[in-house]
$ cat my_file.pdb   # PDB, C-alpha atoms and all ligand atoms
MODEL        1
ATOM      1  CA  MET A  94     237.295  63.998 133.283  1.00  0.00           C
ATOM      2  CA  LYS A  95     234.534  61.712 134.369  1.00  0.00           C
ATOM      3  CA  ILE A  96     234.707  59.721 137.608  1.00  0.00           C
ATOM      4  CA  ILE A  97     232.692  56.508 137.411  1.00  0.00           C
ATOM      5  CA  GLY A  98     231.913  54.578 140.586  1.00  0.00           C
ATOM      6  CA  LEU A  99     231.761  50.827 140.010  1.00  0.00           C
ATOM      7  CA  THR A 100     229.926  48.799 142.611  1.00  0.00           C
ATOM      8  CA  GLY A 101     227.978  45.608 143.205  1.00  0.00           C
ATOM      9  CA  GLY A 102     227.012  43.276 146.003  1.00  0.00           C
ATOM     10  CA  ILE A 103     228.946  40.352 147.412  1.00  0.00           C
ATOM     11  CA  ALA A 104     229.743  37.926 144.553  1.00  0.00           C
ATOM     12  CA  SER A 105     227.841  39.968 141.956  1.00  0.00           C
ATOM     13  CA  GLY A 106     230.889  40.045 139.685  1.00  0.00           C
ATOM     14  CA  LYS A 107     232.313  43.501 140.422  1.00  0.00           C
ATOM     15  CA  SER A 108     235.919  42.275 140.548  1.00  0.00           C
ATOM     16  CA  THR A 109     235.402  40.368 137.315  1.00  0.00           C
ATOM     17  CA  VAL A 110     234.118  43.556 135.657  1.00  0.00           C
ATOM     18  CA  ALA A 111     237.007  45.591 137.108  1.00  0.00           C
ATOM     19  CA  ASP A 112     239.450  43.103 135.524  1.00  0.00           C
ATOM     20  CA  MET A 113     237.652  43.416 132.187  1.00  0.00           C
ATOM     21  CA  LEU A 114     237.871  47.217 132.359  1.00  0.00           C
ATOM     22  CA  ILE A 115     241.595  47.053 133.093  1.00  0.00           C
ATOM     23  CA  GLN A 116     242.063  44.658 130.160  1.00  0.00           C
ATOM     24  CA  ALA A 117     240.206  47.164 127.993  1.00  0.00           C
ATOM     25  CA  GLY A 118     242.765  49.801 128.986  1.00  0.00           C
ATOM     26  CA  CYS A 119     240.665  51.736 131.507  1.00  0.00           C
ATOM     27  CA  ILE A 120     242.087  53.238 134.691  1.00  0.00           C
ATOM     28  CA  VAL A 121     240.541  51.469 137.678  1.00  0.00           C
ATOM     29  CA  VAL A 122     241.347  52.474 141.244  1.00  0.00           C
ATOM     30  CA  ASP A 123     240.720  49.697 143.756  1.00  0.00           C
ATOM     31  CA  CYS A 124     239.274  51.126 146.965  1.00  0.00           C
ATOM     32  CA  ASP A 125     239.872  47.931 148.958  1.00  0.00           C
ATOM     33  CA  LYS A 126     243.528  47.984 147.962  1.00  0.00           C
ATOM     34  CA  ILE A 127     243.853  51.563 149.219  1.00  0.00           C
ATOM     35  CA  ALA A 128     242.283  50.529 152.539  1.00  0.00           C
ATOM     36  CA  TRP A 129     244.672  47.572 152.843  1.00  0.00           C
ATOM     37  CA  GLN A 130     247.700  49.735 152.106  1.00  0.00           C
ATOM     38  CA  LEU A 131     246.643  52.321 154.679  1.00  0.00           C
ATOM     39  CA  ALA A 132     246.287  49.533 157.252  1.00  0.00           C
ATOM     40  CA  GLU A 133     249.944  48.456 156.931  1.00  0.00           C
ATOM     41  CA  PRO A 134     252.038  49.038 160.073  1.00  0.00           C
ATOM     42  CA  GLY A 135     252.658  52.743 160.643  1.00  0.00           C
ATOM     43  CA  GLN A 136     250.117  53.840 158.026  1.00  0.00           C
ATOM     44  CA  ALA A 137     247.140  56.077 158.803  1.00  0.00           C
ATOM     45  CA  ILE A 138     244.365  53.496 159.264  1.00  0.00           C
ATOM     46  CA  TRP A 139     246.671  51.244 161.285  1.00  0.00           C
ATOM     47  CA  GLN A 140     247.359  54.244 163.526  1.00  0.00           C
ATOM     48  CA  ILE A 141     243.654  54.914 164.042  1.00  0.00           C
ATOM     49  CA  TYR A 142     243.098  51.373 165.330  1.00  0.00           C
ATOM     50  CA  VAL A 143     246.190  51.413 167.525  1.00  0.00           C
ATOM     51  CA  ASP A 144     245.275  54.801 169.027  1.00  0.00           C
ATOM     52  CA  ARG A 145     241.760  53.629 169.783  1.00  0.00           C
ATOM     53  CA  TYR A 146     242.210  49.984 170.826  1.00  0.00           C
ATOM     54  CA  GLY A 147     245.896  49.642 171.679  1.00  0.00           C
ATOM     55  CA  ALA A 148     248.138  46.613 171.285  1.00  0.00           C
ATOM     56  CA  LYS A 149     245.269  44.154 171.554  1.00  0.00           C
ATOM     57  CA  VAL A 150     244.507  44.683 167.850  1.00  0.00           C
ATOM     58  CA  LEU A 151     248.109  43.934 166.801  1.00  0.00           C
ATOM     59  CA  ASN A 152     249.850  40.679 165.984  1.00  0.00           C
ATOM     60  CA  GLN A 153     253.329  39.878 167.336  1.00  0.00           C
ATOM     61  CA  ASP A 154     254.899  41.411 164.221  1.00  0.00           C
ATOM     62  CA  ARG A 155     252.842  44.623 164.691  1.00  0.00           C
ATOM     63  CA  THR A 156     250.633  43.969 161.683  1.00  0.00           C
ATOM     64  CA  LEU A 157     246.948  44.589 162.285  1.00  0.00           C
ATOM     65  CA  ASN A 158     245.045  41.624 163.698  1.00  0.00           C
ATOM     66  CA  ARG A 159     242.015  41.958 161.450  1.00  0.00           C
ATOM     67  CA  GLN A 160     240.003  39.402 163.353  1.00  0.00           C
ATOM     68  CA  ALA A 161     240.529  41.355 166.586  1.00  0.00           C
ATOM     69  CA  VAL A 162     239.381  44.550 164.864  1.00  0.00           C
ATOM     70  CA  ALA A 163     236.363  42.802 163.343  1.00  0.00           C
ATOM     71  CA  ASP A 164     235.440  41.358 166.746  1.00  0.00           C
ATOM     72  CA  ILE A 165     235.230  44.888 168.125  1.00  0.00           C
ATOM     73  CA  VAL A 166     233.626  46.853 165.322  1.00  0.00           C
ATOM     74  CA  PHE A 167     231.166  44.299 163.962  1.00  0.00           C
ATOM     75  CA  ARG A 168     229.679  43.825 167.422  1.00  0.00           C
ATOM     76  CA  ASP A 169     229.204  47.482 168.202  1.00  0.00           C
ATOM     77  CA  ARG A 170     227.341  49.703 165.799  1.00  0.00           C
ATOM     78  CA  GLN A 171     228.560  52.859 167.509  1.00  0.00           C
ATOM     79  CA  GLU A 172     232.203  51.801 167.284  1.00  0.00           C
ATOM     80  CA  MET A 173     231.687  50.976 163.626  1.00  0.00           C
ATOM     81  CA  ASP A 174     230.280  54.449 162.993  1.00  0.00           C
ATOM     82  CA  ILE A 175     233.185  56.107 164.797  1.00  0.00           C
ATOM     83  CA  ILE A 176     235.776  54.051 162.927  1.00  0.00           C
ATOM     84  CA  ASN A 177     234.062  54.763 159.623  1.00  0.00           C
ATOM     85  CA  SER A 178     234.004  58.486 160.344  1.00  0.00           C
ATOM     86  CA  LEU A 179     237.773  58.373 160.899  1.00  0.00           C
ATOM     87  CA  VAL A 180     238.708  55.969 158.102  1.00  0.00           C
ATOM     88  CA  HIS A 181     236.448  57.094 155.261  1.00  0.00           C
ATOM     89  CA  PRO A 182     237.964  60.580 154.859  1.00  0.00           C
ATOM     90  CA  LEU A 183     241.426  59.012 154.493  1.00  0.00           C
ATOM     91  CA  ILE A 184     240.227  56.710 151.738  1.00  0.00           C
ATOM     92  CA  LYS A 185     238.284  59.529 150.129  1.00  0.00           C
ATOM     93  CA  ASP A 186     241.446  61.668 149.980  1.00  0.00           C
ATOM     94  CA  ARG A 187     243.359  58.868 148.290  1.00  0.00           C
ATOM     95  CA  LEU A 188     240.613  58.295 145.742  1.00  0.00           C
ATOM     96  CA  LEU A 189     240.533  62.006 144.921  1.00  0.00           C
ATOM     97  CA  ALA A 190     244.334  62.109 144.700  1.00  0.00           C
ATOM     98  CA  GLU A 191     244.289  59.210 142.220  1.00  0.00           C
ATOM     99  CA  ALA A 192     241.648  61.046 140.191  1.00  0.00           C
ATOM    100  CA  GLU A 193     243.813  64.157 140.173  1.00  0.00           C
ATOM    101  CA  VAL A 194     246.824  62.213 138.897  1.00  0.00           C
ATOM    102  CA  ALA A 195     244.690  60.735 136.121  1.00  0.00           C
ATOM    103  CA  ARG A 196     243.275  64.158 135.270  1.00  0.00           C
ATOM    104  CA  GLN A 197     246.749  65.662 134.994  1.00  0.00           C
ATOM    105  CA  ARG A 198     247.775  62.839 132.697  1.00  0.00           C
ATOM    106  CA  GLY A 199     244.904  63.737 130.401  1.00  0.00           C
ATOM    107  CA  ALA A 200     242.607  60.786 131.174  1.00  0.00           C
ATOM    108  CA  LYS A 201     239.009  61.217 130.081  1.00  0.00           C
ATOM    109  CA  VAL A 202     237.615  58.697 132.555  1.00  0.00           C
ATOM    110  CA  ILE A 203     238.615  57.018 135.775  1.00  0.00           C
ATOM    111  CA  PHE A 204     236.783  54.160 137.503  1.00  0.00           C
ATOM    112  CA  TRP A 205     236.641  53.849 141.265  1.00  0.00           C
ATOM    113  CA  ASP A 206     235.986  50.255 142.264  1.00  0.00           C
ATOM    114  CA  VAL A 207     234.133  50.713 145.570  1.00  0.00           C
ATOM    115  CA  PRO A 208     232.209  47.802 147.140  1.00  0.00           C
ATOM    116  CA  LEU A 209     230.187  50.083 149.448  1.00  0.00           C
ATOM    117  CA  LEU A 210     229.818  53.002 147.040  1.00  0.00           C
ATOM    118  CA  PHE A 211     226.329  54.012 148.172  1.00  0.00           C
ATOM    119  CA  GLU A 212     226.677  53.051 151.839  1.00  0.00           C
ATOM    120  CA  THR A 213     229.762  55.264 152.269  1.00  0.00           C
ATOM    121  CA  GLY A 214     228.291  58.184 150.336  1.00  0.00           C
ATOM    122  CA  PHE A 215     231.315  58.091 148.015  1.00  0.00           C
ATOM    123  CA  ASP A 216     228.837  57.938 145.137  1.00  0.00           C
ATOM    124  CA  LYS A 217     228.327  61.679 145.682  1.00  0.00           C
ATOM    125  CA  MET A 218     231.884  62.314 144.483  1.00  0.00           C
ATOM    126  CA  THR A 219     231.307  60.456 141.218  1.00  0.00           C
ATOM    127  CA  ASP A 220     229.782  61.634 137.957  1.00  0.00           C
ATOM    128  CA  GLU A 221     228.226  58.281 137.148  1.00  0.00           C
ATOM    129  CA  LYS A 222     227.401  55.088 139.031  1.00  0.00           C
ATOM    130  CA  TRP A 223     227.707  51.623 137.495  1.00  0.00           C
ATOM    131  CA  LEU A 224     226.211  48.610 139.228  1.00  0.00           C
ATOM    132  CA  VAL A 225     226.999  44.960 138.554  1.00  0.00           C
ATOM    133  CA  TYR A 226     223.655  43.308 139.196  1.00  0.00           C
ATOM    134  CA  VAL A 227     222.730  39.644 139.616  1.00  0.00           C
ATOM    135  CA  SER A 228     219.459  38.038 140.655  1.00  0.00           C
ATOM    136  CA  PRO A 229     219.287  36.778 144.255  1.00  0.00           C
ATOM    137  CA  ALA A 230     219.458  33.131 143.086  1.00  0.00           C
ATOM    138  CA  THR A 231     222.603  33.703 140.990  1.00  0.00           C
ATOM    139  CA  GLN A 232     224.211  35.705 143.757  1.00  0.00           C
ATOM    140  CA  LYS A 233     223.670  32.955 146.310  1.00  0.00           C
ATOM    141  CA  ALA A 234     224.894  30.209 143.955  1.00  0.00           C
ATOM    142  CA  ARG A 235     228.059  32.127 142.970  1.00  0.00           C
ATOM    143  CA  LEU A 236     228.863  33.017 146.575  1.00  0.00           C
ATOM    144  CA  ILE A 237     228.488  29.388 147.700  1.00  0.00           C
ATOM    145  CA  ASN A 238     230.613  28.295 144.766  1.00  0.00           C
ATOM    146  CA  ARG A 239     233.344  30.912 145.318  1.00  0.00           C
ATOM    147  CA  ASN A 240     233.627  30.815 149.122  1.00  0.00           C
ATOM    148  CA  GLY A 241     232.400  27.319 149.965  1.00  0.00           C
ATOM    149  CA  TYR A 242     229.733  28.700 152.312  1.00  0.00           C
ATOM    150  CA  THR A 243     226.626  26.800 153.350  1.00  0.00           C
ATOM    151  CA  GLU A 244     223.353  28.229 152.095  1.00  0.00           C
ATOM    152  CA  ASP A 245     222.736  29.820 155.511  1.00  0.00           C
ATOM    153  CA  GLU A 246     226.173  31.449 155.624  1.00  0.00           C
ATOM    154  CA  ALA A 247     225.704  32.798 152.113  1.00  0.00           C
ATOM    155  CA  LEU A 248     222.254  34.194 152.869  1.00  0.00           C
ATOM    156  CA  ARG A 249     223.456  35.837 156.076  1.00  0.00           C
ATOM    157  CA  ARG A 250     226.176  37.687 154.179  1.00  0.00           C
ATOM    158  CA  ILE A 251     223.889  38.700 151.325  1.00  0.00           C
ATOM    159  CA  ASN A 252     221.147  39.886 153.675  1.00  0.00           C
ATOM    160  CA  SER A 253     223.543  41.960 155.778  1.00  0.00           C
ATOM    161  CA  GLN A 254     224.133  44.229 152.749  1.00  0.00           C
ATOM    162  CA  MET A 255     221.982  46.796 150.984  1.00  0.00           C
ATOM    163  CA  SER A 256     220.098  44.720 148.410  1.00  0.00           C
ATOM    164  CA  LEU A 257     221.033  44.848 144.753  1.00  0.00           C
ATOM    165  CA  ALA A 258     217.429  45.782 143.963  1.00  0.00           C
ATOM    166  CA  GLU A 259     217.856  48.859 146.117  1.00  0.00           C
ATOM    167  CA  LYS A 260     221.244  49.698 144.611  1.00  0.00           C
ATOM    168  CA  GLN A 261     219.730  49.333 141.157  1.00  0.00           C
ATOM    169  CA  LYS A 262     217.473  52.298 141.884  1.00  0.00           C
ATOM    170  CA  LEU A 263     220.536  54.452 142.638  1.00  0.00           C
ATOM    171  CA  ALA A 264     222.667  53.393 139.648  1.00  0.00           C
ATOM    172  CA  ASP A 265     222.973  55.161 136.291  1.00  0.00           C
ATOM    173  CA  VAL A 266     224.223  52.100 134.419  1.00  0.00           C
ATOM    174  CA  VAL A 267     223.300  48.517 135.297  1.00  0.00           C
ATOM    175  CA  ILE A 268     225.381  45.599 134.061  1.00  0.00           C
ATOM    176  CA  ASN A 269     223.392  42.386 134.322  1.00  0.00           C
ATOM    177  CA  ASN A 270     225.600  39.451 135.266  1.00  0.00           C
ATOM    178  CA  ASP A 271     223.073  36.619 135.284  1.00  0.00           C
ATOM    179  CA  GLY A 272     224.489  35.307 132.022  1.00  0.00           C
ATOM    180  CA  ASP A 273     227.879  33.769 131.250  1.00  0.00           C
ATOM    181  CA  ILE A 274     231.257  35.498 131.272  1.00  0.00           C
ATOM    182  CA  GLU A 275     231.093  36.306 127.567  1.00  0.00           C
ATOM    183  CA  ALA A 276     227.706  37.977 127.986  1.00  0.00           C
ATOM    184  CA  LEU A 277     229.234  40.037 130.778  1.00  0.00           C
ATOM    185  CA  ARG A 278     232.257  40.983 128.676  1.00  0.00           C
ATOM    186  CA  ARG A 279     230.029  42.051 125.764  1.00  0.00           C
ATOM    187  CA  GLN A 280     228.065  44.414 128.003  1.00  0.00           C
ATOM    188  CA  VAL A 281     231.178  45.882 129.598  1.00  0.00           C
ATOM    189  CA  LEU A 282     232.885  46.524 126.254  1.00  0.00           C
ATOM    190  CA  GLU A 283     229.712  47.929 124.768  1.00  0.00           C
ATOM    191  CA  LYS A 284     229.318  50.370 127.645  1.00  0.00           C
ATOM    192  CA  VAL A 285     232.971  51.353 127.496  1.00  0.00           C
ATOM    193  CA  ASN A 286     232.910  51.877 123.726  1.00  0.00           C
ATOM    194  CA  ASN A 287     229.585  53.596 123.905  1.00  0.00           C
ATOM    195  CA  GLY A 288     231.152  56.668 125.350  1.00  0.00           C
ATOM    196  CA  GLN A 289     229.556  55.747 128.661  1.00  0.00           C
ATOM    197  CA  ARG A 290     233.002  55.622 130.160  1.00  0.00           C
TER     198      ARG A 290
HETATM  199  P1  LIG B 301     232.516  40.399 143.517  1.00  0.00           P
HETATM  200  O1  LIG B 301     233.823  41.066 143.214  1.00  0.00           O
HETATM  201  O2  LIG B 301     231.327  41.209 143.138  1.00  0.00           O
HETATM  202  O3  LIG B 301     232.406  39.851 144.918  1.00  0.00           O
HETATM  203  P2  LIG B 301     233.468  38.320 141.695  1.00  0.00           P
HETATM  204  O4  LIG B 301     233.887  39.088 140.505  1.00  0.00           O
HETATM  205  O5  LIG B 301     234.518  37.747 142.582  1.00  0.00           O
HETATM  206  O6  LIG B 301     232.388  39.110 142.557  1.00  0.00           O
HETATM  207  O7  LIG B 301     232.521  37.144 141.169  1.00  0.00           O
HETATM  208  C1  LIG B 301     231.945  36.213 142.087  1.00  0.00           C
HETATM  209  C2  LIG B 301     232.213  34.784 141.621  1.00  0.00           C
HETATM  210  O8  LIG B 301     231.413  34.514 140.478  1.00  0.00           O
HETATM  211  C3  LIG B 301     233.651  34.538 141.202  1.00  0.00           C
HETATM  212  O9  LIG B 301     233.967  33.210 141.544  1.00  0.00           O
HETATM  213  C4  LIG B 301     233.598  34.723 139.692  1.00  0.00           C
HETATM  214  O10 LIG B 301     234.612  33.995 139.044  1.00  0.00           O
HETATM  215  C5  LIG B 301     232.220  34.198 139.354  1.00  0.00           C
HETATM  216  N1  LIG B 301     231.584  34.849 138.213  1.00  0.00           N
HETATM  217  C6  LIG B 301     231.471  36.168 137.972  1.00  0.00           C
HETATM  218  N2  LIG B 301     230.753  36.400 136.858  1.00  0.00           N
HETATM  219  C7  LIG B 301     230.400  35.191 136.380  1.00  0.00           C
HETATM  220  C8  LIG B 301     229.636  34.757 135.249  1.00  0.00           C
HETATM  221  N3  LIG B 301     229.080  35.618 134.397  1.00  0.00           N
HETATM  222  N4  LIG B 301     229.467  33.419 135.064  1.00  0.00           N
HETATM  223  C9  LIG B 301     230.004  32.546 135.953  1.00  0.00           C
HETATM  224  N5  LIG B 301     230.738  32.875 137.020  1.00  0.00           N
HETATM  225  C10 LIG B 301     230.925  34.187 137.255  1.00  0.00           C
ENDMDL
END
$ encode --input "my_file.pdb" --output "structure tokens" --more "lines below"
Ligand code: ADP
Amino acid sequence: MKIIGLTGGIASGKSTVADMLIQAGCIVVDCDKIAWQLAEPGQAIWQIYVDRYGAKVLNQDRTLNRQAVADIVFRDRQEMDIINSLVHPLIKDRLLAEAEVARQRGAKVIFWDVPLLFETGFDKMTDEKWLVYVSPATQKARLINRNGYTEDEALRRINSQMSLAEKQKLADVVINNDGDIEALRRQVLEKVNNGQR
């Protein structure tokens, strides 16, 4: 069975492609969803934050106060690295467990939808890497349109990530999303039917 890592940059269209793959009958595991589930009260990621920062990162109802967590880890590179070193293995285990389930069910391919595929090093566990690419101008316009950001806010978010040009060098398959939705769908279906899945 082949594990394909699907990634992109903010607002490049990765979620749109993931939806298209699911519609085409592919198995797609959503890494963000795994992280959210593990951050529910009593779950493993939730426990990591509580052990490290205490009740100040919890809301009244004991759910994680994500803003409080972000305020700590986004301001301190070292804290971010420590948290990542604790959290990433948990997510990695879940991704591998999902792949194992798919393998046992006889699947030929599984997609892992991972926003930070290269940054986390999770790409090393995949057999193939697919990137949803857009030009900088399209990326900025779509992000402003989707999130209602100002141009400055959009640029700050885009520039805080590894650039899509850089990710393109690391990808095996590049899906260009500068065109319309139908152009995107054609490419996705072609790549899926091509045996590239
Ligand atoms: P990501 O998951 O990479 O952040 P999304 O899939 O949410 O990106 O796409 C970003 C935004 O751009 C969304 O509002 C989406 O509906 C829109 N979008 C994606 N692809 C296209 C396209 N080809 N044409 C127009 N809008 C698009």
$ resolve_selection --input "my_file.pdb" --expression "the PyMOL selection byres (((chain A and resi 201-204) around 6) and not hetatm)" --output "tab-separated table (two decimals) with C-alpha atoms, keeping the file's coordinate frame"
chain	number	residue	atom	x	y	z
A	94	MET	CA	237.30	64.00	133.28
A	95	LYS	CA	234.53	61.71	134.37
A	96	ILE	CA	234.71	59.72	137.61
A	97	ILE	CA	232.69	56.51	137.41
A	98	GLY	CA	231.91	54.58	140.59
A	120	ILE	CA	242.09	53.24	134.69
A	121	VAL	CA	240.54	51.47	137.68
A	200	ALA	CA	242.61	60.79	131.17
A	205	TRP	CA	236.64	53.85	141.26
$ resolve_selection --input "my_file.pdb" --expression "the PyMOL selection byres (((not hetatm)) within 8 of (chain B and resi 301))" --output "list in words"
Thr100, Gly101, Gly102, Ile103, Ala104, Ser105, Gly106, Lys107, Ser108, Thr109, Val110, Ala111, Pro208, Val225, Gln232, Arg235, Leu236, Asn238, Arg239, Asn240, Asn270, Asp271, Gly272, Asp273, Ile274, Glu275, Ala276 and Leu277 of chain A
$ closest_atom_pairs --input "my_file.pdb" --of "region 191-257 of chain A" --to "region 125-146 of chain A" --cutoff "12 Å" --atoms "all atoms listed in the file" --output "CSV"
residue,atom,partner,partner_atom,distance
A:Glu191,CA,A:Ile127,CA,10.4
A:Trp205,CA,A:Asp125,CA,10.2
A:Asp206,CA,A:Asp125,CA,8.1
A:Val207,CA,A:Asp125,CA,7.2
A:Pro208,CA,A:Asp125,CA,7.9
A:Leu209,CA,A:Asp125,CA,9.9
A:Leu210,CA,A:Asp125,CA,11.4
$ resolve_selection --input "my_file.pdb" --expression "the PyMOL selection byres (((chain A and resi 217-221) around 9) and not hetatm)" --output "list in words"
Lys95, Ile96, Ile97, Gly98, Leu99, Lys185, Leu189, Trp205, Leu210, Phe211, Gly214, Phe215, Asp216, Lys222, Trp223, Ala264, Asp265, Val266, Gln289 and Arg290 of chain A
$ closest_residue --input "my_file.pdb" --among "A:Arg159, A:Arg279, A:Glu212, A:Gly199" --to "Gln254 (chain A)" --atoms "all atoms listed in the file"
A:Glu212
$ closest_residue --input "my_file.pdb" --among "A:Leu114, A:Gln197, A:Thr213, A:Ser228" --to "His181 (chain A)" --atoms "all atoms listed in the file"
A:Thr213
$ closest_residue --input "my_file.pdb" --among "A:Ala195, A:Val162, A:Gln261, A:Leu151" --to "Cys119 (chain A)" --atoms "all atoms listed in the file"
A:Ala195
$ decode --input "my_file.pdb" --residues "region 259-279 of chain A" --atoms "N, CA, C and O atoms" --output "PDB file, in the first residue's frame"
ATOM      1  N   GLU A 259       9.496  26.622  -2.389  1.00  0.00           N
ATOM      2  CA  GLU A 259      10.410  25.700  -1.705  1.00  0.00           C
ATOM      3  C   GLU A 259       9.789  24.305  -1.585  1.00  0.00           C
ATOM      4  O   GLU A 259      10.455  23.287  -1.811  1.00  0.00           O
ATOM      5  N   LYS A 260       8.503  24.276  -1.230  1.00  0.00           N
ATOM      6  CA  LYS A 260       7.828  22.978  -1.094  1.00  0.00           C
ATOM      7  C   LYS A 260       7.759  22.254  -2.438  1.00  0.00           C
ATOM      8  O   LYS A 260       7.814  21.036  -2.493  1.00  0.00           O
ATOM      9  N   GLN A 261       7.649  23.054  -3.495  1.00  0.00           N
ATOM     10  CA  GLN A 261       7.569  22.470  -4.840  1.00  0.00           C
ATOM     11  C   GLN A 261       8.804  21.617  -5.147  1.00  0.00           C
ATOM     12  O   GLN A 261       8.705  20.582  -5.789  1.00  0.00           O
ATOM     13  N   LYS A 262       9.944  22.069  -4.643  1.00  0.00           N
ATOM     14  CA  LYS A 262      11.188  21.324  -4.888  1.00  0.00           C
ATOM     15  C   LYS A 262      11.173  19.967  -4.188  1.00  0.00           C
ATOM     16  O   LYS A 262      11.887  19.046  -4.582  1.00  0.00           O
ATOM     17  N   LEU A 263      10.382  19.853  -3.116  1.00  0.00           N
ATOM     18  CA  LEU A 263      10.371  18.616  -2.321  1.00  0.00           C
ATOM     19  C   LEU A 263       9.261  17.650  -2.747  1.00  0.00           C
ATOM     20  O   LEU A 263       9.229  16.504  -2.314  1.00  0.00           O
ATOM     21  N   ALA A 264       8.327  18.140  -3.576  1.00  0.00           N
ATOM     22  CA  ALA A 264       7.147  17.335  -3.923  1.00  0.00           C
ATOM     23  C   ALA A 264       7.404  16.426  -5.118  1.00  0.00           C
ATOM     24  O   ALA A 264       8.222  16.741  -5.983  1.00  0.00           O
ATOM     25  N   ASP A 265       6.700  15.290  -5.136  1.00  0.00           N
ATOM     26  CA  ASP A 265       6.766  14.382  -6.296  1.00  0.00           C
ATOM     27  C   ASP A 265       5.730  14.761  -7.341  1.00  0.00           C
ATOM     28  O   ASP A 265       5.942  14.603  -8.530  1.00  0.00           O
ATOM     29  N   VAL A 266       4.569  15.209  -6.856  1.00  0.00           N
ATOM     30  CA  VAL A 266       3.453  15.551  -7.745  1.00  0.00           C
ATOM     31  C   VAL A 266       2.981  16.950  -7.360  1.00  0.00           C
ATOM     32  O   VAL A 266       2.747  17.226  -6.188  1.00  0.00           O
ATOM     33  N   VAL A 267       2.884  17.831  -8.359  1.00  0.00           N
ATOM     34  CA  VAL A 267       2.419  19.194  -8.081  1.00  0.00           C
ATOM     35  C   VAL A 267       1.089  19.413  -8.783  1.00  0.00           C
ATOM     36  O   VAL A 267       0.950  19.167  -9.977  1.00  0.00           O
ATOM     37  N   ILE A 268       0.096  19.838  -8.004  1.00  0.00           N
ATOM     38  CA  ILE A 268      -1.217  20.165  -8.544  1.00  0.00           C
ATOM     39  C   ILE A 268      -1.295  21.687  -8.583  1.00  0.00           C
ATOM     40  O   ILE A 268      -1.191  22.333  -7.540  1.00  0.00           O
ATOM     41  N   ASN A 269      -1.428  22.242  -9.784  1.00  0.00           N
ATOM     42  CA  ASN A 269      -1.456  23.699  -9.883  1.00  0.00           C
ATOM     43  C   ASN A 269      -2.881  24.203  -9.730  1.00  0.00           C
ATOM     44  O   ASN A 269      -3.766  23.832 -10.493  1.00  0.00           O
ATOM     45  N   ASN A 270      -3.096  25.055  -8.732  1.00  0.00           N
ATOM     46  CA  ASN A 270      -4.446  25.536  -8.449  1.00  0.00           C
ATOM     47  C   ASN A 270      -4.607  27.021  -8.754  1.00  0.00           C
ATOM     48  O   ASN A 270      -5.334  27.726  -8.071  1.00  0.00           O
ATOM     49  N   ASP A 271      -3.942  27.495  -9.804  1.00  0.00           N
ATOM     50  CA  ASP A 271      -4.149  28.888 -10.205  1.00  0.00           C
ATOM     51  C   ASP A 271      -5.389  29.051 -11.071  1.00  0.00           C
ATOM     52  O   ASP A 271      -5.879  30.153 -11.246  1.00  0.00           O
ATOM     53  N   GLY A 272      -5.888  27.922 -11.590  1.00  0.00           N
ATOM     54  CA  GLY A 272      -7.074  27.996 -12.447  1.00  0.00           C
ATOM     55  C   GLY A 272      -8.359  27.900 -11.637  1.00  0.00           C
ATOM     56  O   GLY A 272      -8.353  28.071 -10.418  1.00  0.00           O
ATOM     57  N   ASP A 273      -9.471  27.589 -12.332  1.00  0.00           N
ATOM     58  CA  ASP A 273     -10.750  27.497 -11.616  1.00  0.00           C
ATOM     59  C   ASP A 273     -10.918  26.113 -10.981  1.00  0.00           C
ATOM     60  O   ASP A 273     -10.057  25.235 -11.109  1.00  0.00           O
ATOM     61  N   ILE A 274     -12.055  25.942 -10.307  1.00  0.00           N
ATOM     62  CA  ILE A 274     -12.296  24.695  -9.575  1.00  0.00           C
ATOM     63  C   ILE A 274     -12.335  23.492 -10.516  1.00  0.00           C
ATOM     64  O   ILE A 274     -11.817  22.424 -10.191  1.00  0.00           O
ATOM     65  N   GLU A 275     -12.898  23.694 -11.700  1.00  0.00           N
ATOM     66  CA  GLU A 275     -12.989  22.571 -12.643  1.00  0.00           C
ATOM     67  C   GLU A 275     -11.604  22.150 -13.128  1.00  0.00           C
ATOM     68  O   GLU A 275     -11.328  20.959 -13.303  1.00  0.00           O
ATOM     69  N   ALA A 276     -10.735  23.129 -13.331  1.00  0.00           N
ATOM     70  CA  ALA A 276      -9.360  22.815 -13.746  1.00  0.00           C
ATOM     71  C   ALA A 276      -8.657  22.021 -12.636  1.00  0.00           C
ATOM     72  O   ALA A 276      -7.883  21.097 -12.901  1.00  0.00           O
ATOM     73  N   LEU A 277      -8.974  22.388 -11.409  1.00  0.00           N
ATOM     74  CA  LEU A 277      -8.381  21.674 -10.266  1.00  0.00           C
ATOM     75  C   LEU A 277      -8.902  20.237 -10.234  1.00  0.00           C
ATOM     76  O   LEU A 277      -8.136  19.276 -10.110  1.00  0.00           O
ATOM     77  N   ARG A 278     -10.225  20.104 -10.379  1.00  0.00           N
ATOM     78  CA  ARG A 278     -10.833  18.770 -10.327  1.00  0.00           C
ATOM     79  C   ARG A 278     -10.275  17.862 -11.424  1.00  0.00           C
ATOM     80  O   ARG A 278      -9.973  16.698 -11.196  1.00  0.00           O
ATOM     81  N   ARG A 279     -10.107  18.423 -12.627  1.00  0.00           N
ATOM     82  CA  ARG A 279      -9.559  17.629 -13.742  1.00  0.00           C
ATOM     83  C   ARG A 279      -8.183  17.068 -13.385  1.00  0.00           C
ATOM     84  O   ARG A 279      -7.903  15.894 -13.618  1.00  0.00           O
TER      85      ARG A 279
END
